[in-house]
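Enquirer: So that you have it, the file is structure.cif, and it contains mmCIF, C-alpha atoms:
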data_run
loop_
_atom_site.label_atom_id
_atom_site.label_comp_id
_atom_site.auth_asym_id
_atom_site.auth_seq_id
_atom_site.Cartn_x
_atom_site.Cartn_y
_atom_site.Cartn_z
CA MET X 53 -33.69 -44.32 50.63
CA ARG X 54 -33.61 -43.19 47.05
CA ARG X 55 -30.61 -41.30 45.85
CA ALA X 56 -31.24 -37.87 44.46
CA ARG X 57 -30.70 -37.87 40.73
CA ALA X 58 -27.96 -35.52 39.68
CA ARG X 59 -29.03 -32.92 37.14
CA SER X 60 -26.96 -32.87 34.01
CA ARG X 61 -25.23 -29.55 33.42
CA PRO X 62 -25.92 -27.89 30.05
CA ARG X 63 -22.97 -28.15 27.68
CA SER X 64 -22.75 -24.38 27.40
CA GLU X 65 -21.91 -24.12 31.12
CA ALA X 66 -18.22 -24.93 31.49
CA ARG X 67 -16.80 -25.70 34.91
CA ASN X 68 -14.08 -23.42 36.24
CA ASP X 69 -11.55 -26.22 36.15
CA GLU X 70 -12.23 -27.17 32.53
CA PRO X 71 -9.64 -26.06 29.94
CA ARG X 72 -10.43 -23.27 27.46
CA GLU X 73 -9.25 -22.99 23.88
CA VAL X 74 -6.32 -20.61 23.51
CA ASP X 75 -4.88 -19.42 20.22
CA LEU X 76 -1.14 -20.03 20.55
CA THR X 77 1.69 -18.92 18.31
CA THR X 78 4.48 -21.39 17.46
CA GLU X 79 6.71 -19.95 20.16
CA GLN X 80 3.91 -20.06 22.75
CA THR X 81 3.05 -23.66 21.78
CA GLY X 82 6.57 -24.74 22.72
CA ALA X 83 6.31 -22.89 26.01
CA HIS X 84 2.91 -24.50 26.63
CA ALA X 85 4.38 -28.01 26.15
CA HIS X 86 7.21 -27.13 28.53
CA VAL X 87 4.70 -26.03 31.18
CA LEU X 88 2.80 -29.32 30.82
CA GLY X 89 6.03 -31.19 31.42
CA LEU X 90 6.72 -29.17 34.55
CA GLN X 91 3.20 -29.87 35.80
CA THR X 92 3.78 -33.62 35.41
CA ALA X 93 7.09 -33.51 37.26
CA ALA X 94 6.45 -30.94 39.98
CA GLY X 95 2.68 -30.52 40.34
CA ASN X 96 0.28 -27.70 39.50
CA ALA X 97 0.93 -25.62 42.62
CA ALA X 98 4.70 -25.52 42.10
CA VAL X 99 4.40 -24.61 38.43
CA SER X 100 1.84 -21.91 39.21
CA GLY X 101 4.27 -20.30 41.64
CA LEU X 102 7.09 -20.55 39.07
CA LEU X 103 5.03 -18.81 36.38
CA GLN X 104 4.09 -16.01 38.75
CA ARG X 105 7.77 -15.38 39.42
CA GLN X 106 8.59 -15.40 35.67
CA PRO X 107 6.03 -13.17 33.92
CA LEU X 108 5.96 -12.74 30.15
CA PRO X 109 8.21 -9.89 28.92
CA GLN X 110 6.46 -6.56 28.78
CA ALA X 111 7.35 -3.22 27.21
CA GLY X 112 8.33 -0.35 29.49
CA TRP X 113 11.26 1.69 30.77
CA SER X 114 12.78 0.53 34.05
CA ASP X 115 13.38 4.16 35.10
CA ALA X 116 10.00 5.40 33.91
CA ASP X 117 8.59 8.32 35.88
CA PRO X 118 5.94 6.70 38.12
CA ALA X 119 3.83 9.87 38.18
CA VAL X 120 0.45 9.40 36.53
CA ASP X 121 -0.88 11.62 33.78
CA PRO X 122 -4.25 12.63 35.29
CA ALA X 123 -5.86 12.83 31.84
CA VAL X 124 -5.37 9.10 31.17
CA GLY X 125 -4.63 7.50 34.55
CA TRP X 126 -1.23 5.96 33.87
CA SER X 127 2.50 6.65 33.65
CA TRP X 128 3.26 6.84 29.94
CA ASN X 129 6.60 5.06 29.71
CA LYS X 130 6.08 2.46 32.42
CA ALA X 131 4.19 -0.01 30.22
CA ALA X 132 2.57 -0.44 26.83
CA GLN X 133 -0.76 1.32 26.33
CA PHE X 134 -3.30 1.50 23.52
CA ILE X 135 -4.41 4.81 22.06
CA GLY X 136 -7.43 3.75 20.08
CA SER X 137 -6.24 1.11 17.62
CA ILE X 138 -2.56 2.00 18.04
CA GLY X 139 -0.34 0.31 20.60
CA ARG X 140 2.37 2.49 22.18
CA TYR X 141 5.40 0.41 23.25
CA PRO X 142 8.23 1.99 25.31
CA LEU X 143 11.38 0.02 24.40
CA GLN X 144 14.70 -0.01 26.27
CA GLY X 145 18.02 -1.83 26.20
CA LEU X 146 18.59 -1.12 22.50
CA THR X 147 22.25 -1.64 21.67
CA GLU X 148 22.03 0.53 18.55
CA GLY X 149 21.45 4.26 18.46
CA ASN X 150 22.06 6.77 21.26
CA GLN X 151 23.82 5.28 24.30
CA GLY X 152 23.93 8.43 26.44
CA GLU X 153 21.60 8.94 29.41
CA TRP X 154 21.25 12.73 29.06
CA LYS X 155 20.04 13.32 32.61
CA SER X 156 21.65 16.70 33.25
CA GLY X 157 21.13 20.18 31.82
CA ALA X 158 17.76 20.84 30.20
CA SER X 159 16.94 17.13 30.39
CA ALA X 160 16.99 17.26 34.19
CA LEU X 161 14.59 20.20 34.15
CA LEU X 162 12.17 18.52 31.75
CA SER X 163 12.19 14.85 32.75
CA LYS X 164 13.30 12.30 35.36
CA GLU X 165 13.89 9.60 32.75
CA GLY X 166 17.11 8.61 31.00
CA ALA X 167 17.69 8.31 27.26
CA LYS X 168 20.15 5.43 26.79
CA GLY X 169 19.05 2.78 24.30
CA LYS X 170 15.41 3.84 24.34
CA ALA X 171 12.64 4.34 21.82
CA ILE X 172 8.89 4.47 21.47
CA ALA X 173 7.22 2.23 18.88
CA PHE X 174 3.67 2.58 17.56
CA VAL X 175 2.04 -0.54 16.12
CA HIS X 176 -1.48 -0.91 14.75
CA LYS X 177 -3.43 -3.72 16.41
CA ASP X 178 -4.16 -5.27 13.00
CA VAL X 179 -0.61 -5.31 11.62
CA LYS X 180 0.21 -8.50 9.71
CA PRO X 181 3.96 -9.26 9.78
CA GLU X 182 3.62 -11.77 6.94
CA LYS X 183 2.67 -8.87 4.62
CA PRO X 184 4.98 -5.99 3.56
CA VAL X 185 5.60 -3.56 6.43
CA THR X 186 6.81 0.05 6.31
CA VAL X 187 8.85 1.24 9.29
CA VAL X 188 9.00 5.02 9.73
CA VAL X 189 11.97 6.08 11.87
CA HIS X 190 11.34 9.64 13.07
CA LEU X 191 14.17 11.63 14.69
CA HIS X 192 13.20 14.43 17.10
CA GLY X 193 14.65 17.94 17.16
CA TYR X 194 16.72 19.78 19.78
CA THR X 195 15.67 19.58 23.43
CA GLU X 196 18.50 21.74 24.75
CA SER X 197 16.37 24.44 26.41
CA ALA X 198 13.70 23.96 29.03
CA LYS X 199 12.32 27.42 28.17
CA SER X 200 11.85 26.99 24.42
CA ARG X 201 11.43 23.20 24.11
CA PRO X 202 8.26 21.66 25.53
CA PHE X 203 9.62 18.13 26.08
CA ALA X 204 12.89 16.19 26.40
CA GLY X 205 12.26 14.07 23.34
CA TRP X 206 9.78 11.29 24.09
CA ARG X 207 10.42 11.26 27.83
CA GLN X 208 7.57 12.03 30.22
CA HIS X 209 7.45 15.65 31.37
CA LYS X 210 8.25 15.87 35.07
CA LYS X 211 5.55 18.47 35.80
CA SER X 212 2.65 17.84 33.43
CA HIS X 213 3.35 14.05 33.30
CA LYS X 214 2.54 14.07 29.57
CA VAL X 215 4.59 12.98 26.57
CA ARG X 216 5.32 14.88 23.39
CA ASP X 217 4.42 12.10 20.96
CA VAL X 218 0.80 11.91 22.19
CA GLU X 219 0.09 15.35 23.64
CA HIS X 220 2.06 17.55 21.26
CA ASP X 221 2.85 15.79 17.95
CA ARG X 222 -0.12 13.38 18.06
CA VAL X 223 1.90 10.56 16.48
CA ALA X 224 -0.46 7.74 17.48
CA GLN X 225 -3.53 9.70 16.42
CA GLN X 226 -2.00 10.61 13.06
CA LEU X 227 -0.92 7.02 12.44
CA ALA X 228 -4.52 5.95 13.06
CA ASP X 229 -5.74 8.65 10.64
CA ALA X 230 -3.47 7.21 7.93
CA SER X 231 -5.57 4.01 8.04
CA ASP X 232 -2.68 1.73 7.07
CA PRO X 233 -2.11 -1.02 9.66
CA GLN X 234 1.12 -2.04 7.91
CA ILE X 235 2.97 1.11 9.03
CA ILE X 236 5.06 0.95 12.22
CA VAL X 237 6.39 4.27 13.56
CA VAL X 238 9.57 4.22 15.65
CA LEU X 239 10.73 7.23 17.71
CA PRO X 240 14.37 6.89 18.82
CA GLN X 241 15.23 8.79 22.00
CA GLY X 242 18.20 11.04 21.32
CA GLY X 243 20.27 13.68 23.04
CA GLU X 244 19.64 17.35 23.67
CA GLN X 245 20.98 18.36 20.25
CA SER X 246 19.43 15.47 18.35
CA GLN X 247 22.33 13.06 18.91
CA PHE X 248 21.20 9.63 17.70
CA GLY X 249 24.45 7.87 16.78
CA SER X 250 26.07 5.15 18.88
CA ASP X 251 29.37 7.08 19.16
CA ALA X 252 29.05 10.01 21.58
CA ASN X 253 32.09 11.65 19.96
CA ASP X 254 30.51 11.56 16.49
CA PRO X 255 26.74 11.24 17.07
CA TYR X 256 25.52 12.50 13.69
CA ASN X 257 27.63 10.12 11.61
CA THR X 258 27.21 6.85 13.52
CA PHE X 259 23.54 5.95 13.17
CA ALA X 260 23.27 2.57 11.39
CA SER X 261 19.71 2.44 10.06
CA ASP X 262 19.48 -1.26 9.17
CA LYS X 263 20.97 -2.42 12.47
CA TYR X 264 18.75 -0.05 14.40
CA VAL X 265 15.52 -1.14 12.70
CA ASN X 266 16.41 -4.83 13.11
CA THR X 267 17.13 -4.28 16.81
CA VAL X 268 13.82 -2.46 17.34
CA LEU X 269 11.77 -5.10 15.52
CA ALA X 270 13.42 -7.88 17.52
CA GLU X 271 12.62 -6.09 20.77
CA LEU X 272 9.03 -5.45 19.64
CA LYS X 273 8.62 -9.16 19.04
CA ARG X 274 10.14 -9.99 22.43
CA VAL X 275 7.64 -7.78 24.27
CA ASN X 276 4.71 -9.06 22.19
CA GLY X 277 4.26 -5.85 20.19
CA ILE X 278 4.33 -7.93 16.99
CA LYS X 279 3.68 -11.65 16.64
CA ALA X 280 6.62 -12.28 14.30
CA LEU X 281 9.40 -10.44 12.52
CA PRO X 282 8.13 -8.92 9.26
CA THR X 283 9.22 -10.76 6.14
CA THR X 284 9.40 -7.66 3.91
CA VAL X 285 10.38 -4.27 5.34
CA LYS X 286 10.74 -0.86 3.71
CA VAL X 287 12.09 2.02 5.84
CA VAL X 288 11.22 5.72 5.67
CA ILE X 289 13.53 8.15 7.48
CA SER X 290 11.84 11.22 8.95
CA ALA X 291 13.26 14.12 10.95
CA HIS X 292 12.19 17.32 12.66
CA SER X 293 14.57 20.25 13.06
CA GLY X 294 17.96 19.02 14.38
CA GLY X 295 17.09 15.44 13.47
CA GLY X 296 18.02 16.52 9.95
CA HIS X 297 21.73 16.40 10.88
CA THR X 298 21.66 12.61 10.92
CA VAL X 299 19.54 12.39 7.78
CA GLY X 300 21.92 14.74 5.98
CA SER X 301 24.79 12.41 6.89
CA MET X 302 22.88 9.43 5.47
CA LEU X 303 22.17 11.19 2.18
CA ALA X 304 25.77 12.39 1.88
CA LEU X 305 26.86 8.75 1.94
CA GLU X 306 24.26 7.88 -0.70
CA ASN X 307 25.57 10.71 -2.92
CA GLU X 308 29.14 9.44 -2.57
CA LYS X 309 28.04 5.93 -3.53
CA ARG X 310 26.23 7.23 -6.60
CA LYS X 311 29.29 9.16 -7.80
CA GLY X 312 31.68 6.31 -7.00
CA ALA X 313 33.64 8.67 -4.76
CA LYS X 314 35.68 7.72 -1.73
CA LEU X 315 33.27 7.03 1.13
CA GLY X 316 33.54 9.19 4.22
CA VAL X 317 32.37 8.49 7.75
CA HIS X 318 28.60 8.87 7.70
CA SER X 319 25.41 7.46 9.13
CA SER X 320 23.96 4.80 6.86
CA ALA X 321 20.59 5.05 5.14
CA PRO X 322 18.33 1.98 5.11
CA SER X 323 19.18 -0.53 2.38
CA ALA X 324 15.45 -0.65 1.54
CA LEU X 325 14.90 3.12 1.64
CA GLY X 326 11.26 3.93 1.04
CA GLY X 327 11.52 7.67 1.46
CA VAL X 328 12.75 10.75 3.31
CA VAL X 329 10.62 13.28 5.20
CA LEU X 330 12.05 16.54 6.55
CA PHE X 331 10.02 18.85 8.82
CA ASP X 332 11.92 22.17 9.07
CA ALA X 333 15.09 20.08 9.08
CA MET X 334 17.84 21.46 6.83
CA THR X 335 20.88 23.67 7.29
CA TRP X 336 22.37 25.33 4.20
CA SER X 337 25.02 22.64 3.84
CA GLU X 338 22.38 19.93 4.32
CA LEU X 339 20.25 21.63 1.64
CA LYS X 340 23.06 21.08 -0.85
CA THR X 341 23.21 17.40 0.12
CA VAL X 342 19.44 16.90 -0.05
CA LYS X 343 19.21 18.67 -3.40
CA GLU X 344 21.91 16.44 -4.87
CA TRP X 345 20.21 13.31 -3.53
CA VAL X 346 16.75 14.26 -4.85
CA ARG X 347 18.00 15.10 -8.34
CA GLY X 348 20.12 11.95 -8.31
CA GLU X 349 17.09 9.82 -7.48
CA LEU X 350 15.11 11.49 -10.25
CA ASP X 351 17.91 10.86 -12.75
CA LYS X 352 18.11 7.23 -11.63
CA LEU X 353 14.36 6.72 -12.00
CA LEU X 354 14.22 8.38 -15.43
CA ALA X 355 17.06 6.18 -16.72
CA ALA X 356 15.36 3.04 -15.40
CA LEU X 357 12.01 4.01 -16.93
CA THR X 358 13.61 4.80 -20.28
CA ALA X 359 15.30 1.38 -20.40
CA ALA X 360 12.22 -0.53 -19.18
CA LYS X 361 9.32 -1.88 -21.19
CA PRO X 362 6.06 0.11 -20.86
CA ALA X 363 4.45 -2.70 -18.84
CA GLU X 364 7.27 -2.56 -16.27
CA ARG X 365 7.26 1.20 -15.66
CA GLN X 366 4.46 1.41 -13.10
CA LYS X 367 6.28 -1.00 -10.79
CA LEU X 368 9.44 1.12 -10.98
CA ILE X 369 7.43 4.21 -10.00
CA ASP X 370 5.73 2.35 -7.14
CA ASN X 371 9.10 1.20 -5.75
CA ALA X 372 10.86 4.57 -6.06
CA PRO X 373 11.56 6.43 -2.81
CA ARG X 374 9.33 9.33 -1.85
CA PHE X 375 10.44 12.74 -0.60
CA ARG X 376 8.45 15.23 1.42
CA GLY X 377 9.84 18.51 2.69
CA TYR X 378 7.50 20.46 4.98
CA TYR X 379 8.42 24.00 6.02
CA THR X 380 6.73 26.57 8.25
CA LEU X 381 5.83 29.88 6.68
CA GLY X 382 7.35 32.84 8.48
CA GLU X 383 10.20 30.77 9.99
CA SER X 384 13.90 30.58 9.16
CA TYR X 385 13.61 27.51 6.93
CA VAL X 386 11.55 29.14 4.16
CA GLU X 387 14.43 30.15 1.87
CA LYS X 388 16.10 26.73 2.09
CA TYR X 389 12.94 24.84 1.18
CA THR X 390 11.90 27.19 -1.62
CA ASN X 391 15.43 26.79 -3.03
CA LEU X 392 14.97 23.02 -3.01
CA ASP X 393 11.51 23.35 -4.57
CA LYS X 394 12.96 25.40 -7.45
CA ALA X 395 15.63 22.74 -8.06
CA ILE X 396 13.02 19.97 -8.27
CA ARG X 397 10.81 22.01 -10.58
CA GLN X 398 13.76 22.86 -12.82
CA TRP X 399 14.58 19.16 -13.17
CA PHE X 400 11.10 18.50 -14.59
CA VAL X 401 11.45 21.42 -16.99
CA ASP X 402 14.91 20.31 -18.16
CA ASN X 403 13.78 16.71 -18.69
CA ASP X 404 10.36 17.41 -20.21
CA ALA X 405 11.27 15.91 -23.60
CA ALA X 406 12.56 12.67 -22.07
CA LEU X 407 9.51 12.45 -19.79
CA THR X 408 7.15 13.03 -22.70
CA ALA X 409 8.86 10.23 -24.62
CA LEU X 410 7.83 7.78 -21.88
CA GLY X 411 4.22 8.16 -22.91
CA PRO X 412 1.21 10.13 -21.74
CA GLY X 413 0.71 10.37 -17.98
CA CYS X 414 4.12 9.01 -16.96
CA ALA X 415 5.56 12.40 -15.99
CA ASP X 416 2.47 13.17 -13.91
CA LYS X 417 3.05 9.95 -11.95
CA ILE X 418 6.66 10.89 -11.15
CA TRP X 419 5.94 14.48 -10.10
CA PRO X 420 4.05 13.60 -6.85
CA LEU X 421 6.96 11.48 -5.57
CA PHE X 422 9.18 14.46 -4.69
CA GLN X 423 7.32 17.38 -3.15
CA VAL X 424 8.07 20.46 -1.06
CA VAL X 425 5.05 21.56 0.98
CA PRO X 426 4.56 24.96 2.67
CA TRP X 427 2.53 25.05 5.87
CA GLY X 428 1.47 27.43 8.63
CA GLY X 429 1.37 31.17 8.81
CA ARG X 430 -1.52 31.44 11.27
CA PRO X 431 -1.18 32.05 15.05
CA GLY X 432 0.18 29.02 16.85
CA GLU X 433 1.36 27.30 13.65
CA THR X 434 5.06 27.31 14.38
CA HIS X 435 8.24 25.28 14.04
CA GLU X 436 7.30 23.30 17.16
CA THR X 437 3.83 22.37 15.88
CA ILE X 438 4.68 21.53 12.25
CA ILE X 439 4.41 17.76 12.74
CA ARG X 440 1.07 18.13 14.50
CA GLY X 441 -0.16 20.30 11.65
CA SER X 442 -2.31 22.57 13.83
CA ALA X 443 -1.89 25.07 16.63
CA LEU X 444 -2.07 23.81 20.20
CA GLY X 445 -5.50 24.24 21.71
CA THR X 446 -7.28 24.11 18.35
CA THR X 447 -9.29 21.26 16.85
CA PRO X 448 -6.73 19.13 14.98
CA THR X 449 -7.15 18.75 11.24
CA VAL X 450 -5.31 16.26 9.02
CA GLY X 451 -1.76 16.58 10.33
CA ASN X 452 1.44 16.84 8.33
CA LEU X 453 2.63 13.47 9.63
CA THR X 454 -0.57 11.86 8.34
CA SER X 455 0.02 13.56 5.00
CA ALA X 456 3.56 12.16 4.87
CA LEU X 457 2.37 8.66 5.82
CA ASN X 458 -0.31 8.76 3.11
CA ALA X 459 2.33 9.77 0.55
CA ILE X 460 4.14 6.46 1.09
CA LYS X 461 1.46 4.59 -0.86
CA ASN X 462 -0.64 7.32 -2.46
CA PRO X 463 1.48 10.39 -3.18
CA THR X 464 -0.46 13.41 -4.34
CA PRO X 465 1.04 16.65 -5.69
CA ALA X 466 0.84 19.90 -3.79
CA ALA X 467 0.76 21.84 -7.09
CA PRO X 468 0.54 21.13 -10.83
CA ARG X 469 3.61 19.74 -12.58
CA PRO X 470 5.91 22.48 -13.90
CA MET X 471 6.08 22.73 -17.67
CA PRO X 472 8.68 24.34 -19.91
CA PRO X 473 7.73 27.77 -21.22
CA PRO X 474 5.94 27.74 -24.58
CA PRO X 475 8.21 28.26 -27.58
CA LYS X 476 8.59 31.81 -28.82
CA PRO X 477 6.59 32.58 -31.95
CA PRO X 478 8.73 32.75 -35.11
CA PRO X 479 9.67 36.22 -36.28
CA LYS X 480 7.38 37.79 -38.87
CA PRO X 481 8.75 37.34 -42.43
CA ARG X 482 10.04 40.47 -44.07
CA SER X 483 8.11 41.78 -47.09
CA SER X 484 9.64 40.74 -50.48
CA SER X 485 8.49 43.91 -52.29
CA ARG X 486 11.04 46.70 -52.59
CA THR X 487 10.33 49.81 -50.72
CA ARG X 488 9.93 52.84 -52.95
CA PRO X 489 12.35 55.70 -52.32
CA LYS X 490 10.83 58.79 -50.94
CA SER X 491 10.09 61.40 -53.59
CA ARG X 492 12.19 64.52 -53.37
CA SER X 493 10.25 67.69 -53.50
CA ARG X 494 11.75 70.46 -55.56
CA THR X 495 12.28 73.69 -53.85
CA ALA X 496 11.80 77.05 -55.58
CA PRO X 497 15.02 78.77 -56.67
#
Now that the file is in, can you turn its structure into structure tokens?
Expert:
Amino acid sequence: MRRARARSRPRSEARNDEPREVDLTTEQTGAHAHVLGLQTAAGNAAVSGLLQRQPLPQAGWSDADPAVDPAVGWSWNKAAQFIGSIGRYPLQGLTEGNQGEWKSGASALLSKEGAKGKAIAFVHKDVKPEKPVTVVVHLHGYTESAKSRPFAGWRQHKKSHKVRDVEHDRVAQQLADASDPQIIVVLPQGGEQSQFGSDANDPYNTFASDKYVNTVLAELKRVNGIKALPTTVKVVISAHSGGGHTVGSMLALENEKRKGAKLGVHSSAPSALGGVVLFDAMTWSELKTVKEWVRGELDKLLAALTAAKPAERQKLIDNAPRFRGYYTLGESYVEKYTNLDKAIRQWFVDNDAALTALGPGCADKIWPLFQVVPWGGRPGETHETIIRGSALGTTPTVGNLTSALNAIKNPTPAAPRPMPPPPKPPPKPRSSSRTRPKSRSRTAP
């Protein structure tokens, strides 16, 4: 009896038990070698069971509200999700930043989730950690009232099952609109009155920016949000409303350092500060601090440019911090921001001669770095929608957060650069000819 000849399988058809090529990082390669060793010692079945019991770390809050947002089909803070090209990573267990749970009061009415050591991070799918990365740390405003505040920070709403960052502020969507995969946006979860510091007794003066960013990046790497820790990081601090308390504390410390004064107890600004963004986020005392910091940064930049060679000046401008102050027309912040705008404009007028001496075009490159931008005035454009940049229920346009993110690399002015008033014309010279005395008419006797 002749044996049936086995048909050879085409090379393109791989058997189920044949290995496939997998792109492994250095860390995963070590884990892969360890698994192979376990397979040799214990057998495939035992190792398979072990791996099932020890899954790879994933992002998510352990107390995430399990209710599903019907619009998307998942619980927002339970696991990482992608919104287009942007990954949204709920992080927990952060040892820096707010350590309070904030589960009572308005928080209990708005959300089931706690706030201790939590944040949301947005990462573009194409981010390359080996290239320079900008981390934007954005601090939310007050959440102290369930009637006037739509969300408890970034926690899922207990009734609508939505989250502010996606539904209301459109953070992921605006990050995608900025078209810069090297920007990572981090949203710390704070308290009901924008408490972000690690000390509950002094929450506005105990936020350590460098430690916080390093902690967040390490956690992002652990949960596979980024493949490696970035080699070069610049940090932009952003705040809405009450988040400005912490930013004001940071800038107060920077002002004290600049003057060589005795340092008080303050939150610390990032050592690699790339900029400051304030959305309706200044009290009158904080206005004074911000104004001093902005003018101080302008003085510092002008001095550096004056001392530098012409070929070195563009790099100094590129590395200078940016400032954006957005305010809502018709709201209580208008006078504070217009006051700041006048101070910035006056600096350019006062220093016009020194700026002109730097050469043509140099002053026009500095002017877009520090801008105050009015916004709103139409129905629905309010203090609560300033970050979104459009009224709820309307078709979103380019949002104010996108505008701020674009200003990190490509700042554009909101108005022409202020110029000093033209010199007064010289007085007309007096005539050198003598004026003839008026003739006296004789009167009849």
Enquirer: May I ask for the distance between CA of Ser293 in chain X and CA of His435 in chain X, given in Å to one decimal place?
Expert: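 Taking CA of Ser293 in chain X and CA of His435 in chain X, their separation equals 8.1 Å.
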Enquirer: Which one of X:Lys130, X:Lys214, X:Lys183, X:His220 sits closest to Ile439 in chain X if you count all atoms listed in the file?
Expert: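 Closest candidate: X:His220.
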Enquirer: Name all residues at most 7 Å from Pro282 in chain X (count only C-alpha atoms; drop same-chain ones fewer than 3 positions away) and give them as a ChimeraX atom specification.
Expert: /X:181-182,185,285
Enquirer: Select from range 281-360 of chain X every residue with an atom at most 6 Å from any atom of range 187-209 of chain X, then for each give the shortest pair of atoms and their distance in Å to one decimal, using all atoms listed in the file, rows by chain and rising number, as JSON lines.
Expert:
{"residue": "X:Val287", "atom": "CA", "partner": "X:Val187", "partner_atom": "CA", "distance": 4.8}
{"residue": "X:Val288", "atom": "CA", "partner": "X:Val188", "partner_atom": "CA", "distance": 4.7}
{"residue": "X:Ile289", "atom": "CA", "partner": "X:Val189", "partner_atom": "CA", "distance": 5.1}
{"residue": "X:Ser290", "atom": "CA", "partner": "X:His190", "partner_atom": "CA", "distance": 4.4}
{"residue": "X:Ala291", "atom": "CA", "partner": "X:Leu191", "partner_atom": "CA", "distance": 4.6}
{"residue": "X:His292", "atom": "CA", "partner": "X:Gly193", "partner_atom": "CA", "distance": 5.2}
{"residue": "X:Ser293", "atom": "CA", "partner": "X:Gly193", "partner_atom": "CA", "distance": 4.7}
{"residue": "X:Gly294", "atom": "CA", "partner": "X:Gly193", "partner_atom": "CA", "distance": 4.5}
{"residue": "X:Gly295", "atom": "CA", "partner": "X:Leu191", "partner_atom": "CA", "distance": 5.0}
Enquirer: Starting from the shown file, work through the PyMOL selection byres ((chain X and resi 447-451) around 12) and note down what comes out as a ChimeraX atom specification.
Expert: /X:219-230,378,427-428,433,437-446,452-458
Enquirer: N, CA and C atoms are needed for range 413-426 of chain X; please write them out as a compact mmCIF listing (two decimals), in the frame of the given file.
Expert:
# COMPACT_ATOMS: atom_id res chain seq x y z
N GLY X 413 1.02 10.65 -19.39
CA GLY X 413 0.71 10.37 -17.98
C GLY X 413 1.89 9.93 -17.14
N CYS X 414 3.00 9.53 -17.75
CA CYS X 414 4.12 9.01 -16.96
C CYS X 414 4.76 10.12 -16.12
N ALA X 415 4.95 11.28 -16.71
CA ALA X 415 5.56 12.40 -15.99
C ALA X 415 4.70 12.82 -14.80
N ASP X 416 3.38 12.77 -14.99
CA ASP X 416 2.47 13.17 -13.91
C ASP X 416 2.46 12.15 -12.77
N LYS X 417 2.94 10.94 -13.01
CA LYS X 417 3.05 9.95 -11.95
C LYS X 417 4.36 10.13 -11.17
N ILE X 418 5.37 10.68 -11.82
CA ILE X 418 6.66 10.89 -11.15
C ILE X 418 6.64 12.16 -10.30
N TRP X 419 5.97 13.18 -10.78
CA TRP X 419 5.94 14.48 -10.10
C TRP X 419 5.49 14.40 -8.64
N PRO X 420 4.47 13.62 -8.26
CA PRO X 420 4.05 13.60 -6.85
C PRO X 420 5.04 12.91 -5.91
N LEU X 421 6.04 12.22 -6.44
CA LEU X 421 6.96 11.48 -5.57
C LEU X 421 7.87 12.41 -4.77
N PHE X 422 8.22 13.55 -5.33
CA PHE X 422 9.18 14.46 -4.69
C PHE X 422 8.54 15.83 -4.57
N GLN X 423 8.09 16.16 -3.35
CA GLN X 423 7.32 17.38 -3.15
C GLN X 423 7.84 18.20 -1.97
N VAL X 424 7.78 19.51 -2.14
CA VAL X 424 8.07 20.46 -1.06
C VAL X 424 6.74 21.15 -0.72
N VAL X 425 6.40 21.13 0.57
CA VAL X 425 5.05 21.56 0.98
C VAL X 425 5.13 22.69 2.00
N PRO X 426 4.63 23.88 1.67
CA PRO X 426 4.56 24.96 2.67
C PRO X 426 3.41 24.73 3.62
